[in-house]
Amino acid sequence: MAFDLLSRRSQDREEYGERLPPGQKVVEDWPVLTHGGTPQIDLSTWRLRISGAVEREVEFSWEQLQALPSAIATCDIHCVTSWSRMDNQFEGVLFQEMLNHFQPLPSAKQVMLHCYGGYTTNITLSDLRQENVLLAYKHAGEELTPSHGWPLRLVAPHLYFWKSAKWVRRLDFIEREEPGFWESYGYHIRGDPWKEERYS
């Protein structure tokens, strides 16, 4: 079994080259990994709140979010549990577009993502500003399924996928590094797949 896994990873490396971080294997399906259950969310009361170290706190309803310019990002995703799924197509609102509607304070260094269901994860503001980082509501042309984060999830493909939080409801801009849920249990504070920043 161990030889088969090594052989599969070697084949994946030959096919995908530098696109595949070390220690990863390519899967065709999309595994569902969640702490806790899938929350039941009512779009009529759903809100995305921008809070913390910003010039003015703002809130988006579902209709207001849908009215923002949308973008499609094609990317690979890499889970800390060693699977990678290649050539995903996500649609949503780029984080850079979101910045047209509020202004972080100069002191803001990180964002704590708060999610329906109580999950949190931290991400640096500089990571959020990277190309292809978006708040996604579609995958492969279809609405995200509830188990994969509907109605809204972050997609930050250059980091391990636990940072791409599901069921996002609030972006809280903070002035210092703080660990989120999994980071508090020993996951790496940043999570770069190419550096294998799995655990602290």
# chains A, B, ... in the order shown; residues from 1 in each chain; ligands from 1

$ residues_around --residues "Thr121 of chain A" --least-positions-apart "4" --cutoff "8 Å" --atoms "only C-alpha atoms" --output "number ranges by chain"
A: 112-114, 162-163, 165, 179-183

$ write_last_selection --atoms "N, CA and C atoms" --output "tab-separated table (two decimals), in the first residue's frame"
chain	number	residue	atom	x	y	z
A	112	MET	N	-9.58	37.82	10.68
A	112	MET	CA	-10.14	36.60	11.26
A	112	MET	C	-11.46	36.34	10.58
A	113	LEU	N	-11.55	35.20	9.92
A	113	LEU	CA	-12.80	34.82	9.27
A	113	LEU	C	-13.69	34.10	10.27
A	114	HIS	N	-14.90	34.60	10.41
A	114	HIS	CA	-15.90	33.99	11.29
A	114	HIS	C	-16.97	33.36	10.42
A	162	TRP	N	-7.71	24.54	4.53
A	162	TRP	CA	-8.45	24.86	5.74
A	162	TRP	C	-8.57	26.37	5.92
A	163	LYS	N	-7.67	27.12	5.29
A	163	LYS	CA	-7.75	28.58	5.34
A	163	LYS	C	-8.90	29.11	4.48
A	165	ALA	N	-12.10	29.15	4.37
A	165	ALA	CA	-13.20	28.84	5.28
A	165	ALA	C	-14.55	28.77	4.58
A	179	PRO	N	-4.52	33.21	16.43
A	179	PRO	CA	-4.88	31.92	15.83
A	179	PRO	C	-6.38	31.74	15.76
A	180	GLY	N	-6.82	31.07	14.69
A	180	GLY	CA	-8.21	30.65	14.59
A	180	GLY	C	-8.40	29.29	15.22
A	181	PHE	N	-9.46	28.58	14.81
A	181	PHE	CA	-9.81	27.32	15.45
A	181	PHE	C	-8.72	26.27	15.32
A	182	TRP	N	-8.38	25.87	14.08
A	182	TRP	CA	-7.39	24.81	13.92
A	182	TRP	C	-5.99	25.27	14.30
A	183	GLU	N	-5.71	26.54	14.11
A	183	GLU	CA	-4.39	27.07	14.50
A	183	GLU	C	-4.20	26.94	16.02

$ residues_around --residues "segment 38-43 of chain A" --least-positions-apart "4" --cutoff "10 Å" --atoms "only C-alpha atoms" --output "PyMOL selection string"
chain A and resi 34+47+61-63+115-118+146-151+166-167

$ residues_around --residues "Arg198 of chain A" --least-positions-apart "5" --cutoff "9 Å" --atoms "only C-alpha atoms" --output "PDB file with C-alpha atoms, in the first residue's frame"
ATOM      1  CA  VAL A  80      -3.480  19.681   4.711  1.00  0.00           C
ATOM      2  CA  THR A  81      -4.516  15.997   4.823  1.00  0.00           C
ATOM      3  CA  TYR A 160      -3.751  24.904   2.516  1.00  0.00           C
ATOM      4  CA  GLY A 186      -1.513  23.117  16.429  1.00  0.00           C
ATOM      5  CA  TYR A 187      -2.045  23.825  12.745  1.00  0.00           C
ATOM      6  CA  HIS A 188       0.455  26.233  11.220  1.00  0.00           C
ATOM      7  CA  ILE A 189      -0.386  29.905  11.593  1.00  0.00           C
ATOM      8  CA  ARG A 190      -0.031  30.524   7.815  1.00  0.00           C
ATOM      9  CA  GLY A 191      -0.227  27.203   5.931  1.00  0.00           C
ATOM     10  CA  ASP A 192       1.907  27.443   2.773  1.00  0.00           C
ATOM     11  CA  PRO A 193       1.629  24.074   0.927  1.00  0.00           C
TER      12      PRO A 193
END

$ closest_residue --among "A:Glu131, A:Asp29, A:Glu15, A:Glu55" --to "His158 of chain A" --atoms "only C-alpha atoms"
A:Glu131

$ residues_around --residues "Leu154 of chain A" --least-positions-apart "4" --cutoff "6 Å" --atoms "only C-alpha atoms" --output "PyMOL selection string"
chain A and resi 134-135+164-165

$ write_last_selection --atoms "N, CA and C atoms" --output "mmCIF file, in the first residue's frame"
data_model
loop_
_atom_site.group_PDB
_atom_site.id
_atom_site.type_symbol
_atom_site.label_atom_id
_atom_site.label_comp_id
_atom_site.auth_asym_id
_atom_site.auth_seq_id
_atom_site.Cartn_x
_atom_site.Cartn_y
_atom_site.Cartn_z
ATOM 1 N N LEU A 134 -10.832 34.884 -3.686
ATOM 2 C CA LEU A 134 -12.185 35.407 -3.827
ATOM 3 C C LEU A 134 -13.116 34.781 -2.810
ATOM 4 N N LEU A 135 -14.251 35.440 -2.626
ATOM 5 C CA LEU A 135 -15.357 34.903 -1.853
ATOM 6 C C LEU A 135 -16.281 34.238 -2.861
ATOM 7 N N SER A 164 -9.370 28.319 3.510
ATOM 8 C CA SER A 164 -10.483 28.720 2.648
ATOM 9 C C SER A 164 -11.797 28.380 3.342
ATOM 10 N N ALA A 165 -12.101 29.150 4.367
ATOM 11 C CA ALA A 165 -13.198 28.836 5.284
ATOM 12 C C ALA A 165 -14.548 28.767 4.579
#

$ closest_residue --among "A:Ser51, A:Gln130, A:Gln110, A:Gln24" --to "Cys79 of chain A" --atoms "only C-alpha atoms"
A:Gln24

$ closest_residue --among "A:Phe90, A:Tyr199, A:Phe95, A:Phe102" --to "Ile50 of chain A" --atoms "only C-alpha atoms"
A:Phe102

$ closest_residue --among "A:Ala67, A:Ala73, A:Ala108, A:Leu33" --to "Asp87 of chain A" --atoms "only C-alpha atoms"
A:Ala73

$ atom_distance --atom1 "atom CA of Leu144 of chain A" --atom2 "atom CA of Gln89 of chain A"
11.2 Å

$ select_by_dssp --residues "segment 142-196 of chain A" --states "strand (DSSP E or B)" --output "number ranges by chain"
A: 142-143, 153-155, 168-174, 187

$ write_last_selection --atoms "N, CA and C atoms" --output "compact mmCIF listing (two decimals), in the first residue's frame"
# COMPACT_ATOMS: atom_id res chain seq x y z
N GLU A 142 -21.86 25.74 -10.95
CA GLU A 142 -23.03 25.46 -10.13
C GLU A 142 -22.86 26.07 -8.74
N GLU A 143 -23.98 26.35 -8.09
CA GLU A 143 -23.90 26.82 -6.71
C GLU A 143 -23.10 25.83 -5.87
N ARG A 153 -17.95 30.88 0.58
CA ARG A 153 -16.71 30.44 1.21
C ARG A 153 -15.56 31.27 0.65
N LEU A 154 -14.51 31.38 1.42
CA LEU A 154 -13.28 31.98 0.92
C LEU A 154 -12.57 30.94 0.05
N VAL A 155 -11.88 31.40 -0.97
CA VAL A 155 -10.97 30.55 -1.74
C VAL A 155 -9.63 31.28 -1.82
N VAL A 168 -18.80 31.60 5.33
CA VAL A 168 -18.27 32.85 5.88
C VAL A 168 -19.41 33.82 6.17
N ARG A 169 -19.35 34.46 7.34
CA ARG A 169 -20.34 35.47 7.71
C ARG A 169 -19.73 36.79 8.17
N ARG A 170 -18.43 36.76 8.52
CA ARG A 170 -17.80 38.01 8.97
C ARG A 170 -16.31 38.00 8.68
N LEU A 171 -15.80 39.14 8.19
CA LEU A 171 -14.37 39.38 8.05
C LEU A 171 -14.00 40.42 9.09
N ASP A 172 -13.27 40.00 10.10
CA ASP A 172 -12.89 40.88 11.20
C ASP A 172 -11.42 41.26 11.05
N PHE A 173 -11.16 42.50 10.70
CA PHE A 173 -9.79 42.98 10.49
C PHE A 173 -9.14 43.23 11.84
N ILE A 174 -7.96 42.63 12.03
CA ILE A 174 -7.29 42.70 13.33
C ILE A 174 -5.86 43.23 13.16
N TYR A 187 -2.30 23.61 14.17
CA TYR A 187 -2.05 23.83 12.74
C TYR A 187 -1.18 25.08 12.57
